[in-house]
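Here is entry_1.txt, consisting of compact mmCIF, C-alpha atoms:
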```txt
# COMPACT_ATOMS: atom_id res chain seq x y z
CA MET A 1 0.00 0.00 0.00
CA THR A 2 1.26 3.50 -0.90
CA LYS A 3 2.27 5.55 2.14
CA GLN A 4 0.05 8.61 2.38
CA SER A 5 1.51 12.05 3.07
CA PRO A 6 0.03 13.57 6.28
CA THR A 7 0.22 17.05 4.75
CA VAL A 8 -1.67 16.01 1.64
CA MET A 9 -4.31 14.18 3.72
CA ARG A 10 -4.90 17.31 5.83
CA ILE A 11 -5.41 19.44 2.70
CA VAL A 12 -7.78 16.84 1.26
CA ALA A 13 -9.70 16.73 4.55
CA VAL A 14 -10.21 20.52 4.47
CA LEU A 15 -11.29 20.48 0.81
CA ASN A 16 -13.71 17.60 1.41
CA PHE A 17 -15.13 19.43 4.42
CA PHE A 18 -16.06 22.48 2.36
CA LEU A 19 -17.26 20.39 -0.59
CA GLU A 20 -19.60 18.50 1.71
CA HIS A 21 -21.02 21.82 2.99
CA PRO A 22 -20.81 24.02 -0.14
CA GLN A 23 -23.18 26.75 1.11
CA GLN A 24 -22.00 26.90 4.72
CA ILE A 25 -19.69 29.54 6.18
CA TYR A 26 -17.07 28.48 8.73
CA SER A 27 -14.58 30.18 11.01
CA LEU A 28 -11.06 28.87 11.57
CA ALA A 29 -12.12 27.63 15.01
CA GLN A 30 -15.06 25.65 13.55
CA VAL A 31 -12.86 23.95 10.94
CA VAL A 32 -10.26 23.09 13.58
CA LYS A 33 -12.91 21.63 15.88
CA SER A 34 -14.68 19.67 13.12
CA LEU A 35 -11.54 18.14 11.63
CA ARG A 36 -9.50 17.93 14.85
CA LEU A 37 -6.47 19.51 13.22
CA ASN A 38 -3.74 21.73 14.62
CA ARG A 39 -4.86 25.38 14.58
CA ALA A 40 -1.70 26.81 12.99
CA THR A 41 -1.63 24.07 10.33
CA THR A 42 -5.31 24.56 9.52
CA HIS A 43 -4.87 28.32 9.27
CA SER A 44 -1.99 27.87 6.82
CA ILE A 45 -4.02 25.43 4.69
CA LEU A 46 -7.04 27.76 4.61
CA LEU A 47 -4.97 30.72 3.48
CA GLY A 48 -3.28 28.63 0.79
CA LEU A 49 -6.64 27.45 -0.53
CA VAL A 50 -7.89 31.04 -0.53
CA ASP A 51 -4.89 32.13 -2.62
CA ALA A 52 -5.64 29.32 -5.09
CA GLY A 53 -9.31 30.30 -5.34
CA TYR A 54 -10.60 27.07 -3.85
CA LEU A 55 -11.94 28.94 -0.80
CA TYR A 56 -13.11 32.53 -0.29
CA ARG A 57 -12.22 34.50 2.85
CA ARG A 58 -14.92 36.90 3.92
CA SER A 59 -14.34 40.26 5.61
CA ASP A 60 -15.19 38.73 9.01
CA LYS A 61 -12.40 36.15 8.51
CA THR A 62 -14.80 33.27 7.91
CA TYR A 63 -14.46 30.93 4.93
CA ILE A 64 -16.75 29.57 2.23
CA LEU A 65 -16.23 27.47 -0.88
CA GLY A 66 -14.63 29.54 -3.62
CA PRO A 67 -15.40 29.67 -7.36
CA VAL A 68 -12.57 27.49 -8.68
CA LEU A 69 -13.69 24.03 -7.53
CA PRO A 70 -17.27 24.24 -8.91
CA SER A 71 -15.87 25.54 -12.20
CA LEU A 72 -13.33 22.71 -12.43
CA ALA A 73 -16.01 20.17 -11.56
CA ALA A 74 -18.32 21.48 -14.28
CA ASN A 75 -15.55 21.29 -16.89
CA ALA A 76 -14.60 17.76 -15.84
CA GLN A 77 -18.15 16.40 -15.59
CA PRO A 78 -18.41 15.18 -19.22
CA LEU A 79 -15.17 13.23 -18.78
CA LEU A 80 -16.45 11.55 -15.63
CA SER A 81 -19.55 9.96 -17.12
CA PRO A 82 -19.61 6.14 -17.05
CA PHE A 83 -19.71 6.05 -20.85
CA SER A 84 -16.66 8.27 -21.24
CA VAL A 85 -14.66 6.15 -18.79
CA ALA A 86 -15.97 2.90 -20.31
CA SER A 87 -14.92 4.06 -23.76
CA HIS A 88 -11.29 4.46 -22.65
CA GLU A 89 -11.32 1.12 -20.81
CA MET A 90 -12.83 -0.69 -23.81
CA ARG A 91 -9.97 0.39 -26.04
CA GLY A 92 -7.44 -1.69 -24.14
CA LEU A 93 -9.94 -4.55 -23.77
CA VAL A 94 -10.64 -4.98 -27.49
CA ASP A 95 -6.96 -4.83 -28.44
CA GLU A 96 -6.02 -7.40 -25.82
CA LEU A 97 -8.81 -9.88 -26.64
CA ASP A 98 -9.14 -9.05 -30.37
CA VAL A 99 -12.88 -8.45 -30.14
CA ILE A 100 -15.65 -5.89 -30.55
CA ALA A 101 -16.94 -4.19 -27.39
CA SER A 102 -20.02 -2.08 -26.85
CA ALA A 103 -21.22 -0.01 -23.91
CA ASN A 104 -24.97 -0.30 -23.61
CA ALA A 105 -27.59 1.74 -21.74
CA ARG A 106 -31.12 0.81 -20.77
CA GLU A 107 -33.94 2.94 -22.14
CA GLY A 108 -37.23 1.54 -20.91
CA ASN A 109 -37.58 -1.99 -22.23
CA GLU A 110 -34.78 -1.59 -24.77
CA ILE A 111 -31.01 -1.45 -24.63
CA VAL A 112 -29.12 1.04 -26.77
CA VAL A 113 -25.49 0.91 -27.87
CA LYS A 114 -23.86 4.18 -26.74
CA GLU A 115 -20.16 3.47 -27.36
CA ARG A 116 -18.42 0.90 -29.54
CA ALA A 117 -14.79 -0.14 -30.01
CA SER A 118 -13.24 -2.72 -32.33
CA SER A 119 -9.85 -4.33 -32.63
CA VAL A 120 -8.05 -3.93 -35.95
CA ASN A 121 -9.24 -7.33 -37.17
CA HIS A 122 -12.88 -6.37 -36.63
CA LEU A 123 -12.93 -2.87 -38.12
CA GLY A 124 -16.00 -2.47 -40.31
CA VAL A 125 -17.55 -5.73 -39.11
CA ARG A 126 -21.14 -5.53 -37.88
CA ARG A 127 -22.67 -8.35 -35.87
CA PRO A 128 -26.45 -8.99 -35.97
CA ASN A 129 -26.60 -8.86 -32.17
CA SER A 130 -24.56 -5.64 -31.85
CA ARG A 131 -26.95 -3.29 -33.64
CA GLY A 132 -27.86 0.05 -32.14
CA ARG A 133 -31.10 -0.86 -30.37
CA HIS A 134 -32.71 -4.13 -29.32
CA PRO A 135 -35.02 -5.62 -26.66
CA LEU A 136 -34.06 -5.52 -23.01
CA LEU A 137 -34.87 -9.20 -22.60
CA PRO A 138 -33.04 -11.45 -22.96
CA TRP A 139 -30.14 -9.40 -24.40
CA GLY A 140 -30.01 -6.95 -21.51
CA ALA A 141 -30.56 -9.35 -18.61
CA SER A 142 -27.37 -7.98 -17.04
CA PHE A 143 -29.34 -4.81 -16.28
CA LEU A 144 -31.20 -6.90 -13.69
CA MET A 145 -27.98 -8.11 -12.06
CA ASN A 146 -28.59 -6.05 -8.94
CA LYS A 147 -31.89 -7.84 -8.36
CA SER A 148 -32.68 -11.17 -6.74
CA ALA A 149 -34.40 -13.87 -8.79
CA ALA A 150 -37.73 -12.92 -7.18
CA GLU A 151 -37.19 -9.23 -7.96
CA ALA A 152 -36.27 -10.08 -11.56
CA GLU A 153 -39.46 -12.14 -11.86
CA ALA A 154 -41.45 -9.20 -10.50
CA THR A 155 -39.82 -6.87 -13.04
CA MET A 156 -40.77 -9.23 -15.87
CA ASP A 157 -44.33 -9.44 -14.51
CA GLN A 158 -44.64 -5.66 -14.84
CA MET A 159 -43.64 -5.54 -18.52
CA GLU A 160 -46.34 -4.53 -21.00
CA ILE A 161 -45.86 -7.72 -23.01
CA ALA A 162 -45.59 -10.75 -20.75
CA PRO A 163 -42.35 -12.70 -21.41
CA SER A 164 -42.71 -16.30 -22.57
CA ASP A 165 -41.60 -19.15 -20.33
CA ARG A 166 -38.53 -19.61 -22.58
CA LEU A 167 -37.64 -15.94 -22.27
CA ARG A 168 -38.05 -15.97 -18.49
CA ASN A 169 -35.82 -19.01 -18.24
CA ASP A 170 -33.17 -17.37 -20.44
CA VAL A 171 -33.13 -14.30 -18.19
CA LEU A 172 -32.95 -16.27 -14.92
CA THR A 173 -30.19 -18.49 -16.32
CA GLN A 174 -28.14 -15.42 -17.22
CA LEU A 175 -28.62 -13.92 -13.77
CA GLU A 176 -27.49 -17.16 -12.13
CA CYS A 177 -24.39 -17.24 -14.33
CA GLY A 178 -23.72 -13.57 -13.56
CA ARG A 179 -23.91 -14.09 -9.82
CA GLN A 180 -21.46 -16.98 -10.05
CA TYR A 181 -18.91 -15.52 -12.46
CA GLY A 182 -19.68 -11.79 -12.64
CA PHE A 183 -20.44 -12.00 -16.37
CA VAL A 184 -23.01 -13.63 -18.68
CA VAL A 185 -22.16 -15.99 -21.53
CA ALA A 186 -24.39 -16.46 -24.59
CA LEU A 187 -23.65 -19.44 -26.84
CA HIS A 188 -24.62 -19.90 -30.47
CA ASP A 189 -27.64 -22.21 -30.46
CA GLU A 190 -27.11 -24.71 -33.26
CA THR A 191 -30.43 -26.41 -32.51
CA GLY A 192 -32.33 -23.47 -33.93
CA GLY A 193 -33.82 -22.29 -30.65
CA ALA A 194 -35.84 -19.13 -30.23
CA SER A 195 -34.07 -16.01 -31.49
CA HIS A 196 -36.36 -13.59 -29.61
CA GLY A 197 -36.66 -11.43 -32.71
CA ILE A 198 -32.97 -11.08 -33.63
CA ASP A 199 -31.17 -12.74 -36.51
CA GLU A 200 -29.16 -15.14 -34.33
CA SER A 201 -30.28 -17.72 -31.75
CA PHE A 202 -28.51 -18.18 -28.45
CA ARG A 203 -28.63 -20.34 -25.38
CA TYR A 204 -27.25 -19.58 -21.95
CA VAL A 205 -25.25 -21.55 -19.41
CA VAL A 206 -24.76 -21.43 -15.66
CA GLU A 207 -21.70 -23.66 -15.34
CA ILE A 208 -18.63 -23.30 -17.57
CA ALA A 209 -16.60 -26.52 -17.67
CA PRO A 210 -12.84 -25.78 -18.11
CA ASP A 211 -12.17 -28.55 -20.66
CA GLN A 212 -15.40 -28.24 -22.65
CA THR A 213 -15.48 -26.38 -25.98
CA TYR A 214 -17.91 -23.48 -26.43
CA ARG A 215 -19.06 -21.39 -29.39
CA VAL A 216 -19.52 -18.04 -27.66
CA GLY A 217 -21.85 -15.57 -29.35
CA PHE A 218 -21.25 -12.78 -26.86
CA MET A 219 -20.62 -12.09 -23.19
CA THR A 220 -21.66 -9.16 -21.08
CA ALA A 221 -21.09 -7.70 -17.60
CA PRO A 222 -22.61 -4.79 -15.68
CA ILE A 223 -21.21 -1.53 -14.34
CA PHE A 224 -22.87 -0.37 -11.13
CA GLY A 225 -23.83 3.16 -10.14
CA ALA A 226 -23.71 4.94 -6.79
CA ALA A 227 -27.06 3.55 -5.65
CA GLY A 228 -26.13 -0.04 -6.56
CA GLU A 229 -28.15 0.09 -9.77
CA VAL A 230 -26.77 -1.20 -13.08
CA ALA A 231 -25.70 2.01 -14.83
CA LEU A 232 -24.59 0.37 -18.08
CA CYS A 233 -23.24 -2.91 -19.43
CA ILE A 234 -20.27 -3.79 -21.59
CA SER A 235 -20.70 -6.57 -24.14
CA LEU A 236 -18.05 -8.45 -26.13
CA HIS A 237 -18.66 -9.82 -29.63
CA GLY A 238 -16.42 -11.39 -32.24
CA LEU A 239 -14.83 -13.91 -29.88
CA PRO A 240 -13.04 -16.95 -31.39
CA ALA A 241 -15.30 -19.50 -33.09
CA GLU A 242 -14.41 -22.12 -30.51
CA MET A 243 -13.13 -21.55 -26.99
CA THR A 244 -12.33 -23.86 -24.13
CA GLY A 245 -14.16 -23.19 -20.90
CA HIS A 246 -10.84 -22.06 -19.43
CA ALA A 247 -10.47 -19.45 -22.20
CA VAL A 248 -14.09 -18.33 -21.79
CA VAL A 249 -13.61 -17.72 -18.07
CA ALA A 250 -10.31 -15.90 -18.69
CA ALA A 251 -11.97 -13.55 -21.20
CA GLY A 252 -14.92 -13.06 -18.87
CA LYS A 253 -12.64 -12.18 -15.96
CA ARG A 254 -10.88 -9.61 -18.12
CA LEU A 255 -14.29 -8.12 -19.00
CA LEU A 256 -15.27 -8.17 -15.33
CA GLN A 257 -12.02 -6.41 -14.44
CA THR A 258 -12.83 -3.63 -16.91
CA CYS A 259 -16.36 -3.21 -15.54
CA THR A 260 -15.05 -3.17 -11.97
CA HIS A 261 -12.54 -0.44 -12.87
CA VAL A 262 -15.32 1.73 -14.27
CA THR A 263 -17.58 1.01 -11.29
CA THR A 264 -14.78 2.07 -8.94
CA PHE A 265 -13.99 5.20 -10.94
CA VAL A 266 -17.61 6.43 -10.87
CA ARG A 267 -17.84 5.46 -7.17
CA GLY A 268 -20.40 2.80 -7.93
CA ARG A 269 -21.49 0.20 -5.43
CA GLN A 270 -21.47 -3.49 -6.32
CA PRO A 271 -23.87 -5.86 -4.54
CA ALA A 272 -22.10 -7.52 -1.59
CA ALA A 273 -22.45 -11.02 -3.04
CA TYR A 274 -21.33 -10.04 -6.55
CA PRO A 275 -18.07 -11.69 -7.71
CA GLN A 276 -14.95 -9.56 -7.19
CA THR A 277 -11.90 -9.37 -9.44
```
Starting from the file, give its structure as structure tokens.
Amino acid sequence: MTKQSPTVMRIVAVLNFFLEHPQQIYSLAQVVKSLRLNRATTHSILLGLVDAGYLYRRSDKTYILGPVLPSLAANAQPLLSPFSVASHEMRGLVDELDVIASANAREGNEIVVKERASSVNHLGVRRPNSRGRHPLLPWGASFLMNKSAAEAEATMDQMEIAPSDRLRNDVLTQLECGRQYGFVVALHDETGGASHGIDESFRYVVEIAPDQTYRVGFMTAPIFGAAGEVALCISLHGLPAEMTGHAVVAAGKRLLQTCTHVTTFVRGRQPAAYPQT
């Protein structure tokens, strides 16, 4: 673990204090008492932050948040969105795994591709299941990953068009796989199973046997927001035609690692029982 500088931590503590109370006015004595810092040190930090514009010193020698921090935050906000961060993370992911990746958002009962990245070998390639907009179920089952099986069932019960038994089973199978591995795997269904309205048919698995061979259609994993909701999902397409279970899990763990990085960056909160990288 990196050793933290006491001086830096004191400055951060003062900044966080004012950011947490952006409209409040404080005296030196109040800041000292609240943060339990040395008076002389706190006074020096406050004056330095005033000089930098982070704080404003009033005529009565009290302090309030200055104009610089809100301005910096507003300028940085577009770069801090989950999609912006996911886009940067996907770039390394697609080059490493030689795949196509998409960052998907939920809009009602549909999922929409917001960002897309391809490795060199997949430039210009379009997959039937990676189009811009398609049904939430079963393709976006990962958006229910923060829910229990009963809650997922209740969500499906509330949909305008009642899901078929096959569709319900597909969703619940994906959720079970996601809770075990942290990602969902969709396999090409060579038996001609239901395609749910998209050009390709898939089936889903819960257990991935290391020595078994799989024809993976796509895999997906969620990114969680601050309230523990699924903010977006990242999907991988264009995986090798045949993969051992060991290779499938390795690719899935790399995807999970990417999603966890984005979740951490946006200060998201994963469910306690969700697999960790």
Give me the residues within 12 Å of Met90 of chain A as a PyMOL selection string, counting only C-alpha atoms and dropping any in the same chain fewer than 5 places off.
-> chain A and resi 82-85+95-103+115-119+233-236+254-259+261-262
For the atom pair atom CA of Tyr56 of chain A and atom CA of Pro6 of chain A, what is the interatomic distance in Å to one decimal place?
-> 24.0 Å
Nearest to His134 of chain A, restricted to all atoms listed in the file and choosing among A:Met156, A:Val120, A:Ile111, A:Ala273, comes out as A:Ile111
Excluding Arg267 of chain A and any residue of its chain fewer than 5 positions from it, enumerate the residues within 9 Å of it, using only C-alpha atoms, and give them as a list in words.
-> Phe224, Gly225, Ala226 and Val262 of chain A
Which is closest to Gly245 of chain A among A:Ser87, A:Thr42, A:Gln24, A:Thr213, if we use all atoms listed in the file?
-> A:Thr213
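Here atom CA of Val8 of chain A and atom CA of Leu65 of chain A stand 18.7 Å from one another.
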Counting all atoms listed in the file, figure out which residue out of A:Leu55, A:Ala154, A:Leu232, A:Val31 gets nearest to Ala13 of chain A.
-> A:Val31
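Computed from the coordinates, the atom CA of Lys114 of chain A to atom CA of Val230 of chain A distance equals 15.0 Å.
When only C-alpha atoms are used to compute distances to Ser201 of chain A, the closest of the residues A:Asn121, A:Gln174, A:Asn109, A:Pro138 turns out to be A:Pro138.
Omitting Val249 of chain A and its sequence neighbours fewer than 5 positions away, and counting only C-alpha atoms, the residues within 9 Å are Tyr181, Ile208, Pro210, Thr244 and Arg254 of chain A.
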Go through A:Glu229, A:Asp51, A:Asp60, A:Glu207 and flag the residue nearest Ser27 of chain A, using only C-alpha atoms for the distances.
-> A:Asp60
Around the point (-16.5, 28.7, -4.8) in the file's coordinates, collect all residues with an atom within 10 Å, using only C-alpha atoms, and return them as a PyMOL selection string.
-> chain A and resi 18-19+22-23+50+53-56+64-71
